[in-house]
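Data file: query_36.txt. Format and content: compact mmCIF, C-alpha atoms.
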# COMPACT_ATOMS: atom_id res chain seq x y z
CA MET A 1 -11.82 -3.05 -17.27
CA PRO A 2 -8.13 -2.05 -17.69
CA PRO A 3 -6.02 -0.92 -14.69
CA HIS A 4 -6.11 2.74 -13.65
CA GLY A 5 -3.08 4.59 -15.10
CA TRP A 6 -1.41 4.78 -11.70
CA ASP A 7 -1.96 1.08 -11.12
CA LEU A 8 -0.49 0.34 -14.54
CA TRP A 9 2.71 2.30 -13.83
CA GLY A 10 2.84 0.77 -10.37
CA GLY A 11 2.60 -2.69 -11.92
CA ILE A 12 5.58 -1.98 -14.15
CA SER A 13 7.63 -0.76 -11.18
CA LYS A 14 6.62 -3.84 -9.22
CA LYS A 15 7.94 -6.12 -11.97
CA TYR A 16 11.38 -4.55 -11.55
CA ALA A 17 11.19 -4.96 -7.77
CA ASP A 18 10.13 -8.61 -8.12
CA GLY A 19 13.38 -9.38 -9.96
CA ALA A 20 15.66 -7.49 -7.54
CA LYS A 21 18.50 -9.21 -5.68
CA GLY A 22 20.96 -8.15 -2.97
CA ASN A 23 21.08 -4.67 -1.46
CA ILE A 24 18.94 -1.99 -3.05
CA GLU A 25 19.58 1.73 -3.45
CA THR A 26 16.85 4.18 -4.25
CA ILE A 27 16.48 7.95 -4.42
CA GLN A 28 13.69 10.14 -3.08
CA THR A 29 13.13 13.87 -3.29
CA ALA A 30 13.31 15.80 -0.03
CA ALA A 31 9.51 16.04 0.15
CA LYS A 32 9.09 12.27 -0.14
CA PHE A 33 12.14 11.17 1.93
CA PRO A 34 12.26 8.59 3.42
CA ALA A 35 8.77 7.05 3.06
CA GLY A 36 8.41 7.65 -0.70
CA GLY A 37 5.43 8.27 -2.97
CA PRO A 38 2.57 5.94 -3.93
CA THR A 39 4.51 3.87 -6.46
CA TRP A 40 7.30 3.14 -3.97
CA LYS A 41 5.03 2.64 -0.96
CA ASP A 42 2.33 0.62 -2.66
CA LYS A 43 4.18 -1.43 -5.27
CA GLU A 44 7.99 -1.44 -5.04
CA TRP A 45 8.63 -1.57 -1.29
CA PRO A 46 6.05 -4.33 -0.55
CA SER A 47 7.57 -6.41 -3.32
CA LEU A 48 11.12 -5.89 -1.99
CA ARG A 49 9.96 -6.69 1.56
CA LYS A 50 8.51 -10.03 0.45
CA ASN A 51 11.44 -10.89 -1.84
CA PRO A 52 13.77 -13.32 0.03
CA GLU A 53 16.68 -12.30 -2.24
CA VAL A 54 16.69 -8.68 -1.10
CA GLY A 55 18.80 -7.52 1.88
CA ASN A 56 19.18 -3.89 2.86
CA ILE A 57 17.51 -0.89 1.29
CA THR A 58 19.37 2.42 1.19
CA ILE A 59 17.30 5.51 0.48
CA HIS A 60 19.16 8.59 -0.72
CA LYS A 61 17.56 11.99 -0.29
CA ILE A 62 18.39 14.27 -3.19
CA ASP A 63 18.08 18.02 -3.50
CA GLU A 64 16.70 19.88 -6.53
CA LEU A 65 20.11 19.70 -8.24
CA GLY A 66 20.26 15.94 -7.82
CA ASN A 67 22.88 15.95 -5.07
CA ILE A 68 22.61 13.33 -2.32
CA VAL A 69 22.11 15.21 0.94
CA GLU A 70 21.20 12.33 3.28
CA SER A 71 21.10 8.54 3.20
CA LEU A 72 19.33 5.95 5.31
CA THR A 73 19.91 2.17 5.27
CA VAL A 74 17.41 -0.32 6.64
CA ASP A 75 17.01 -4.12 6.60
CA SER A 76 14.16 -4.78 4.17
CA LYS A 77 12.67 -7.50 6.41
CA SER A 78 12.83 -5.56 9.68
CA SER A 79 9.99 -3.98 11.61
CA ALA A 80 12.00 -0.75 11.37
CA ALA A 81 11.46 -0.81 7.60
CA LEU A 82 7.72 -1.28 8.11
CA THR A 83 7.77 1.76 10.40
CA ILE A 84 9.83 3.94 8.05
CA PHE A 85 7.87 3.22 4.90
CA GLY A 86 4.56 3.08 6.75
CA ALA A 87 1.22 2.04 5.41
CA PRO A 88 0.33 2.06 1.71
CA SER A 89 -1.18 5.33 0.51
CA LEU A 90 -4.91 5.65 0.88
CA MET B 1 -1.44 31.99 -6.21
CA THR B 2 0.59 30.13 -3.56
CA PRO B 3 3.64 27.98 -4.51
CA ALA B 4 1.82 24.90 -3.17
CA PHE B 5 -1.14 25.53 -5.49
CA SER B 6 0.96 25.90 -8.63
CA LYS B 7 2.92 22.80 -7.63
CA PHE B 8 -0.32 20.91 -7.05
CA MET B 9 -1.79 21.94 -10.40
CA GLU B 10 1.40 20.91 -12.19
CA GLN B 11 1.22 17.46 -10.58
CA PHE B 12 -2.54 17.20 -11.12
CA ARG B 13 -2.11 17.86 -14.86
CA SER B 14 0.91 15.57 -15.26
CA THR B 15 0.61 12.27 -17.11
CA GLY B 16 2.24 8.84 -17.28
CA SER B 17 4.99 8.01 -14.81
CA ASP B 18 5.08 11.61 -13.52
CA LYS B 19 1.43 11.28 -12.53
CA ALA B 20 2.23 8.02 -10.75
CA GLN B 21 4.60 9.87 -8.40
CA GLY B 22 1.50 11.22 -6.67
CA TYR B 23 1.21 14.02 -4.16
CA ASP B 24 3.17 14.99 -1.07
CA GLU B 25 2.95 17.64 1.64
CA SER B 26 4.56 20.28 -0.57
CA HIS B 27 1.42 20.20 -2.75
CA PHE B 28 -0.82 21.13 0.20
CA VAL B 29 1.07 23.04 2.90
CA GLY B 30 0.37 26.76 2.56
CA LEU B 31 -2.72 26.54 0.30
CA SER B 32 -5.18 29.40 0.79
CA GLU B 33 -8.77 28.57 1.81
CA GLU B 34 -10.00 29.31 -1.73
CA GLU B 35 -7.28 27.11 -3.23
CA LYS B 36 -8.17 24.27 -0.85
CA ILE B 37 -11.69 24.22 -2.32
CA ILE B 38 -10.34 24.00 -5.88
CA VAL B 39 -7.77 21.35 -4.91
CA PHE B 40 -10.46 19.29 -3.17
CA SER B 41 -12.59 19.45 -6.29
CA CYS B 42 -9.66 18.32 -8.47
CA LEU B 43 -8.85 15.41 -6.16
CA GLU B 44 -12.50 14.35 -6.09
CA ARG B 45 -12.12 13.58 -9.80
CA GLU B 46 -9.33 11.13 -8.90
CA LEU B 47 -11.12 9.73 -5.87
CA THR B 48 -10.37 6.07 -6.53
CA ALA B 49 -6.69 6.51 -7.46
CA PRO B 50 -3.96 5.54 -4.98
CA GLY B 51 -2.68 8.27 -2.68
CA VAL B 52 -5.69 10.60 -3.02
CA ILE B 53 -8.13 9.76 -0.21
CA GLY B 54 -5.73 10.67 2.59
CA TRP B 55 -5.24 14.17 1.14
CA LEU B 56 -8.99 14.66 0.75
CA PHE B 57 -9.41 13.96 4.46
CA LEU B 58 -6.55 16.32 5.26
CA LEU B 59 -8.27 19.11 3.31
CA ASP B 60 -11.77 18.63 4.76
CA GLU B 61 -12.61 15.54 6.80
CA ASN B 62 -16.41 15.89 6.75
CA LYS B 63 -16.55 16.72 3.06
CA ALA B 64 -14.20 13.84 2.26
CA GLN B 65 -16.33 11.36 4.17
CA SER B 66 -19.44 12.55 2.28
CA ALA B 67 -17.64 12.36 -1.07
CA LEU B 68 -16.50 8.79 -0.45
CA GLN B 69 -19.90 7.71 0.82
CA ASP B 70 -21.64 9.31 -2.19
CA TYR B 71 -19.26 7.58 -4.59
CA LEU B 72 -19.84 4.28 -2.82
CA ASN B 73 -23.61 4.66 -3.00
CA SER B 74 -23.80 5.83 -6.61
CA ASN B 75 -21.57 3.28 -8.35
CA HIS B 76 -22.28 -0.32 -9.11
CA LYS B 77 -20.02 -2.53 -6.98
CA PRO B 78 -17.40 -3.81 -7.42
CA PHE B 79 -15.58 -0.94 -9.14
CA SER B 80 -11.88 -0.16 -9.45
CA GLY B 81 -10.65 1.45 -6.23
CA LEU B 82 -13.49 0.06 -4.08
CA HIS B 83 -10.90 -1.37 -1.65
CA ARG B 84 -9.39 2.09 -1.07
CA ILE B 85 -12.76 3.72 -0.49
CA LEU B 86 -13.92 1.06 1.99
CA ILE B 87 -10.66 1.18 3.96
CA GLY B 88 -10.69 5.00 3.83
CA LEU B 89 -14.22 5.15 5.23
CA TYR B 90 -13.30 2.61 7.92
CA VAL B 91 -10.16 4.54 8.93
CA TYR B 92 -11.97 7.81 9.37
CA SER B 93 -15.30 6.51 10.77
CA LYS B 94 -14.06 3.39 12.65
CA ASP B 95 -17.32 1.77 11.45
CA GLU B 96 -16.57 -1.94 11.04
CA ARG B 97 -19.41 -2.37 8.54
CA PHE B 98 -16.98 -1.04 5.93
CA LEU B 99 -14.65 -3.92 6.81
CA ASP B 100 -17.55 -6.37 6.47
CA ASP B 101 -18.09 -5.01 2.94
CA PHE B 102 -14.36 -5.10 2.21
CA GLU B 103 -14.19 -8.78 3.18
CA TYR B 104 -17.37 -9.56 1.25
CA TYR B 105 -16.11 -7.92 -1.96
CA PHE B 106 -12.46 -8.98 -1.62
CA SER B 107 -12.70 -11.89 -4.06
CA GLN B 108 -14.35 -9.54 -6.60
CA PHE B 109 -11.67 -6.84 -6.44
CA TYR B 110 -9.73 -6.54 -9.68
CA GLU B 111 -6.78 -8.90 -9.95
CA TRP B 112 -4.22 -6.07 -9.95
CA GLU B 113 -5.79 -4.54 -6.83
CA ARG B 114 -6.01 -7.55 -4.51
CA ASP B 115 -2.37 -7.45 -3.33
CA GLU B 116 -2.70 -3.76 -2.46
CA ALA B 117 -6.01 -4.54 -0.77
CA VAL B 118 -4.29 -7.07 1.52
CA GLN B 119 -1.61 -4.50 2.35
CA LEU B 120 -4.17 -1.82 3.14
CA TYR B 121 -6.07 -4.24 5.37
CA ALA B 122 -2.86 -5.24 7.18
CA SER B 123 -1.85 -1.63 7.71
CA TYR B 124 -5.10 0.02 8.74
CA VAL B 125 -7.27 -2.60 10.47
CA GLN B 126 -6.74 -2.50 14.22
CA SER B 127 -8.12 -5.83 15.48
CA GLU B 128 -5.41 -8.51 15.36
CA GLN B 129 -8.05 -11.22 15.70
CA ARG B 130 -9.92 -9.90 12.68
CA LYS B 131 -6.70 -9.58 10.68
CA SER B 132 -5.65 -13.13 11.55
CA LYS B 133 -9.02 -14.49 10.39
CA PHE B 134 -8.89 -12.48 7.16
CA PHE B 135 -5.30 -13.48 6.31
CA LYS B 136 -6.12 -17.16 6.94
CA LYS B 137 -9.08 -16.94 4.58
CA VAL B 138 -6.94 -15.30 1.89
CA ILE B 139 -4.21 -17.93 2.36
CA LEU B 140 -6.78 -20.70 1.91
CA ASP B 141 -8.81 -19.21 -0.97
CA GLU B 142 -6.70 -16.69 -2.93
CA LYS B 143 -5.34 -17.57 -6.37
CA ASP B 144 -3.40 -14.35 -7.10
CA PRO B 145 0.21 -15.13 -6.06
CA ASP B 146 1.01 -11.57 -4.94
CA ALA B 147 -2.04 -11.22 -2.71
CA LEU B 148 -1.46 -14.72 -1.36
CA SER B 149 2.19 -14.05 -0.49
CA SER B 150 1.27 -10.73 1.16
CA ALA B 151 -1.38 -12.44 3.28
CA ALA B 152 1.06 -15.22 4.27
CA ASP B 153 3.81 -12.68 5.04
CA PHE B 154 1.57 -10.51 7.23
CA TYR B 155 0.03 -13.57 8.90
CA LEU B 156 3.44 -14.92 9.95
CA ARG B 157 4.47 -11.52 11.31
CA LEU B 158 1.15 -11.25 13.15
CA VAL B 159 1.57 -14.62 14.90
CA GLY B 160 5.12 -13.65 15.87
CA VAL B 161 7.33 -15.74 13.57
CA PRO B 162 10.70 -13.94 13.77
CA VAL B 163 12.40 -12.77 10.57
CA GLY B 164 15.44 -10.88 11.92
CA ALA B 165 18.44 -13.27 12.06
CA PRO B 166 19.55 -15.31 9.00
CA ASP B 167 18.37 -18.67 10.43
CA GLU B 168 15.06 -17.11 11.49
CA ARG B 169 14.71 -15.68 8.01
CA ALA B 170 15.25 -19.09 6.39
CA HIS B 171 12.54 -20.61 8.62
CA PHE B 172 10.17 -17.67 7.94
CA PHE B 173 10.44 -18.03 4.18
CA ARG B 174 10.18 -21.84 4.36
CA VAL B 175 6.89 -21.58 6.25
CA ARG B 176 5.65 -18.77 4.00
CA LYS B 177 6.31 -20.94 0.96
CA LEU B 178 4.20 -23.72 2.50
CA LEU B 179 1.34 -21.28 3.11
CA GLU B 180 1.63 -20.02 -0.47
CA SER B 181 1.46 -23.53 -1.91
CA ARG B 182 -1.55 -24.64 -3.95
CA ASP B 183 -1.34 -27.99 -2.16
CA MET B 184 -3.70 -27.95 0.82
CA ASN B 185 -1.54 -30.45 2.71
CA GLU B 186 1.43 -28.08 2.44
CA LYS B 187 -0.72 -25.18 3.60
CA ARG B 188 -1.85 -27.24 6.57
CA GLU B 189 1.78 -28.06 7.37
CA GLY B 190 2.58 -24.34 7.26
CA PHE B 191 -0.23 -23.59 9.71
CA ARG B 192 0.89 -26.52 11.92
CA LEU B 193 4.44 -25.19 12.09
CA VAL B 194 3.22 -21.91 13.57
CA GLY B 195 0.82 -23.63 15.96
CA ALA B 196 -2.31 -22.61 14.13
CA LEU B 197 -3.70 -26.14 13.80
Kindly transcribe the structure held in the file into C-alpha cells.
Amino acid sequence: MPPHGWDLWGGISKKYADGAKGNIETIQTAAKFPAGGPTWKDKEWPSLRKNPEVGNITIHKIDELGNIVESLTVDSKSSAALTIFGAPSL
Amino acid sequence: MTPAFSKFMEQFRSTGSDKAQGYDESHFVGLSEEEKIIVFSCLERELTAPGVIGWLFLLDENKAQSALQDYLNSNHKPFSGLHRILIGLYVYSKDERFLDDFEYYFSQFYEWERDEAVQLYASYVQSEQRKSKFFKKVILDEKDPDALSSAADFYLRLVGVPVGAPDERAHFFRVRKLLESRDMNEKREGFRLVGAL
C-alpha cells in the first residue's frame, strides 16, 4: 500500500529537514503561528529536534501580504520548543 | 455561508502540498450548526489522515468517538492510519485497551508511519512507566532508523538526561547513538550509561 498523500508530502519535507544544519528560519501564517500545521508538527520539527546539527529555530509569522509581523526564536533541543510546537496532530 | 465554511471547503478540496498544510482554527471558528454537520461529514472521509481526528472531536466528541470506533471495527487491521485512530480513541476515552492494541500492532504499522506513531505515543500517553517500557522495546526491536531515533530521544528525555548545555548535548547524542546502534552490546552500554541496567 502506498503512503497517504499527506504522508507522502510530509516525507518529502522531512527529507529536507534531515539534511538541515545550523540555525533554521521558517514562516507560518497567523492562524498556524507558532505551532505550525501537520507537515511542520509531524515531520519537519521532529526531524529538526533530533538532528544534532541544528541549533535554534526562528519562526516568522507572516500576514496575508507576506510581511513578517512577529518572530520567535527557540533552541531546537529545549523543552520550551517541545511546549511551543506541542504534540503531533491527531 | 460563513467565512470559516468557505475557507474549510477550499482547503478540503485542495490537492498536493496545499492539502498537506491541513486545517487550523480559522477553518472551524464561526461555523453554523448546519455547516458543522457538513464539515464533520467531509472530515469523516479523511478520518485516517494526519490532523483530522482532533477537529472531529472538536466538532462533536460523541459522534467522533463513534466514527473512530466504527472505522476500527469495520476495517481489517492493520490499515494505514491505525496508529492515529488508536491514540485518538485513547486520548478521548482514557481506555488503556487502545494502548494495548497500539503496542500489539506497532510492528505492523506501515514503515512510513512508525516514527509518527512513536511521537504520538510520547506526546499523548500519560504513564511514564508505560512510556519507558514501550520506548525500551522499540529501541531493542525497531529496524526503522527514524522510529528508533525518536524512541531513543524520548527515552533519554524521560529518564532525565539533560540536553541543554553544549557538553550535556554532546553526552546526550553520544548515548542516543549507542541506543540507536544495531549492535546489542552498544545498546546495552547506552542503557548502562543512563543507569537502566
What's around segment 33-50 of chain A at 8 Å? Count only C-alpha atoms, leave out sequence neighbours fewer than 6 positions away in its own chain, and write the answer as a VMD selection string.
(chain A and resid 6 9 to 11 13 to 14 16 to 18 20 59 to 61 72 76 to 77 84 to 89) or (chain B and resid 20 to 24 50 to 51 116 149 to 150 153)
Take the residues from that selection and write them out as a PDB file, in the frame of the given file, keeping C-alpha atoms.
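Result file selection37.pdb:
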ATOM      1  CA  TRP A   6      -1.410   4.780 -11.700  1.00  0.00           C
ATOM      2  CA  TRP A   9       2.710   2.300 -13.830  1.00  0.00           C
ATOM      3  CA  GLY A  10       2.840   0.770 -10.370  1.00  0.00           C
ATOM      4  CA  GLY A  11       2.600  -2.690 -11.920  1.00  0.00           C
ATOM      5  CA  SER A  13       7.630  -0.760 -11.180  1.00  0.00           C
ATOM      6  CA  LYS A  14       6.620  -3.840  -9.220  1.00  0.00           C
ATOM      7  CA  TYR A  16      11.380  -4.550 -11.550  1.00  0.00           C
ATOM      8  CA  ALA A  17      11.190  -4.960  -7.770  1.00  0.00           C
ATOM      9  CA  ASP A  18      10.130  -8.610  -8.120  1.00  0.00           C
ATOM     10  CA  ALA A  20      15.660  -7.490  -7.540  1.00  0.00           C
ATOM     11  CA  ILE A  59      17.300   5.510   0.480  1.00  0.00           C
ATOM     12  CA  HIS A  60      19.160   8.590  -0.720  1.00  0.00           C
ATOM     13  CA  LYS A  61      17.560  11.990  -0.290  1.00  0.00           C
ATOM     14  CA  LEU A  72      19.330   5.950   5.310  1.00  0.00           C
ATOM     15  CA  SER A  76      14.160  -4.780   4.170  1.00  0.00           C
ATOM     16  CA  LYS A  77      12.670  -7.500   6.410  1.00  0.00           C
ATOM     17  CA  ILE A  84       9.830   3.940   8.050  1.00  0.00           C
ATOM     18  CA  PHE A  85       7.870   3.220   4.900  1.00  0.00           C
ATOM     19  CA  GLY A  86       4.560   3.080   6.750  1.00  0.00           C
ATOM     20  CA  ALA A  87       1.220   2.040   5.410  1.00  0.00           C
ATOM     21  CA  PRO A  88       0.330   2.060   1.710  1.00  0.00           C
ATOM     22  CA  SER A  89      -1.180   5.330   0.510  1.00  0.00           C
TER      23      SER A  89
ATOM     24  CA  ALA B  20       2.230   8.020 -10.750  1.00  0.00           C
ATOM     25  CA  GLN B  21       4.600   9.870  -8.400  1.00  0.00           C
ATOM     26  CA  GLY B  22       1.500  11.220  -6.670  1.00  0.00           C
ATOM     27  CA  TYR B  23       1.210  14.020  -4.160  1.00  0.00           C
ATOM     28  CA  ASP B  24       3.170  14.990  -1.070  1.00  0.00           C
ATOM     29  CA  PRO B  50      -3.960   5.540  -4.980  1.00  0.00           C
ATOM     30  CA  GLY B  51      -2.680   8.270  -2.680  1.00  0.00           C
ATOM     31  CA  GLU B 116      -2.700  -3.760  -2.460  1.00  0.00           C
ATOM     32  CA  SER B 149       2.190 -14.050  -0.490  1.00  0.00           C
ATOM     33  CA  SER B 150       1.270 -10.730   1.160  1.00  0.00           C
ATOM     34  CA  ASP B 153       3.810 -12.680   5.040  1.00  0.00           C
TER      35      ASP B 153
END
Please provide the set of residues having any atom within 10 Å of Phe135 of chain B, restricted to all atoms listed in the file, with same-chain residues fewer than 5 positions apart removed, written as an MDAnalysis selection string.
chainID B and resid 118 121:122 130 140:142 147:148 150:156 158
Residue contacts of segment 168-181 of chain B (8 Å, only C-alpha atoms) excluding same-chain residues fewer than 4 positions away, as an MDAnalysis selection string:
(chainID A and resid 52) or (chainID B and resid 139 145 148:149 152:153 156 161:164 186:191 193)
Distance atom CA of Arg45 of chain B-atom CA of Ser26 of chain B, one decimal place?
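Distance between the two atoms: 20.2 Å.
Residues in contact range of segment 94-106 of chain B, defined as at most 10 Å between all atoms listed in the file, with sequence neighbours fewer than 5 positions away removed, read Lys77, Pro78, Leu82, His83, Arg84, Ile85, Leu86, Ile87, Gly88, Leu89, Glu113, Arg114, Ala117, Val118, Tyr121, Val125, Gln126, Arg130, Phe134, Lys137, Val138 and Glu142 of chain B.
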Can you patch up segment 5-34 of chain A, filling it in to N, CA and C atoms, and show the result as a short mmCIF file (atom, residue, chain, number, x, y, z; two decimals), in the frame of the given file?
data_model
loop_
_atom_site.label_atom_id
_atom_site.label_comp_id
_atom_site.auth_asym_id
_atom_site.auth_seq_id
_atom_site.Cartn_x
_atom_site.Cartn_y
_atom_site.Cartn_z
N GLY A 5 -4.42 4.22 -14.66
CA GLY A 5 -3.08 4.59 -15.10
C GLY A 5 -2.03 4.45 -14.01
N TRP A 6 -2.38 4.87 -12.80
CA TRP A 6 -1.41 4.78 -11.70
C TRP A 6 -1.13 3.32 -11.36
N ASP A 7 -2.17 2.49 -11.41
CA ASP A 7 -1.96 1.08 -11.12
C ASP A 7 -1.09 0.43 -12.20
N LEU A 8 -1.29 0.89 -13.44
CA LEU A 8 -0.49 0.34 -14.54
C LEU A 8 0.99 0.66 -14.35
N TRP A 9 1.31 1.93 -14.06
CA TRP A 9 2.71 2.30 -13.83
C TRP A 9 3.26 1.60 -12.60
N GLY A 10 2.41 1.47 -11.58
CA GLY A 10 2.84 0.77 -10.37
C GLY A 10 3.16 -0.68 -10.67
N GLY A 11 2.37 -1.29 -11.54
CA GLY A 11 2.60 -2.69 -11.92
C GLY A 11 3.93 -2.87 -12.62
N ILE A 12 4.29 -1.91 -13.46
CA ILE A 12 5.58 -1.98 -14.15
C ILE A 12 6.72 -1.87 -13.14
N SER A 13 6.59 -0.93 -12.22
CA SER A 13 7.63 -0.76 -11.18
C SER A 13 7.76 -2.02 -10.34
N LYS A 14 6.60 -2.62 -10.05
CA LYS A 14 6.62 -3.84 -9.22
C LYS A 14 7.38 -4.97 -9.90
N LYS A 15 7.24 -5.06 -11.23
CA LYS A 15 7.94 -6.12 -11.97
C LYS A 15 9.45 -6.00 -11.77
N TYR A 16 9.95 -4.76 -11.80
CA TYR A 16 11.38 -4.55 -11.55
C TYR A 16 11.75 -5.01 -10.14
N ALA A 17 10.91 -4.62 -9.17
CA ALA A 17 11.19 -4.96 -7.77
C ALA A 17 11.15 -6.47 -7.55
N ASP A 18 10.24 -7.16 -8.26
CA ASP A 18 10.13 -8.61 -8.12
C ASP A 18 11.44 -9.31 -8.50
N GLY A 19 12.15 -8.75 -9.48
CA GLY A 19 13.38 -9.38 -9.96
C GLY A 19 14.63 -8.90 -9.25
N ALA A 20 14.49 -8.07 -8.23
CA ALA A 20 15.66 -7.49 -7.54
C ALA A 20 16.38 -8.53 -6.69
N LYS A 21 17.69 -8.33 -6.53
CA LYS A 21 18.50 -9.21 -5.68
C LYS A 21 19.52 -8.37 -4.93
N GLY A 22 19.90 -8.82 -3.73
CA GLY A 22 20.96 -8.15 -2.97
C GLY A 22 20.47 -6.87 -2.29
N ASN A 23 21.42 -5.94 -2.10
CA ASN A 23 21.08 -4.67 -1.46
C ASN A 23 20.58 -3.68 -2.51
N ILE A 24 19.61 -2.90 -2.13
CA ILE A 24 18.94 -1.99 -3.05
C ILE A 24 19.23 -0.54 -2.69
N GLU A 25 19.45 0.29 -3.70
CA GLU A 25 19.58 1.73 -3.45
C GLU A 25 18.50 2.46 -4.23
N THR A 26 17.90 3.42 -3.59
CA THR A 26 16.85 4.18 -4.25
C THR A 26 16.99 5.67 -3.90
N ILE A 27 16.42 6.52 -4.73
CA ILE A 27 16.48 7.95 -4.42
C ILE A 27 15.07 8.49 -4.21
N GLN A 28 14.97 9.46 -3.33
CA GLN A 28 13.69 10.14 -3.08
C GLN A 28 13.96 11.64 -3.02
N THR A 29 13.00 12.42 -3.46
CA THR A 29 13.13 13.87 -3.29
C THR A 29 12.96 14.20 -1.81
N ALA A 30 13.39 15.40 -1.44
CA ALA A 30 13.31 15.80 -0.03
C ALA A 30 11.89 15.69 0.51
N ALA A 31 10.91 16.07 -0.31
CA ALA A 31 9.51 16.04 0.15
C ALA A 31 9.01 14.63 0.40
N LYS A 32 9.59 13.65 -0.29
CA LYS A 32 9.09 12.27 -0.14
C LYS A 32 10.02 11.40 0.69
N PHE A 33 11.16 11.94 1.15
CA PHE A 33 12.14 11.17 1.93
C PHE A 33 11.66 11.01 3.37
N PRO A 34 11.77 9.83 4.01
CA PRO A 34 12.26 8.59 3.42
C PRO A 34 11.13 7.67 2.94
#
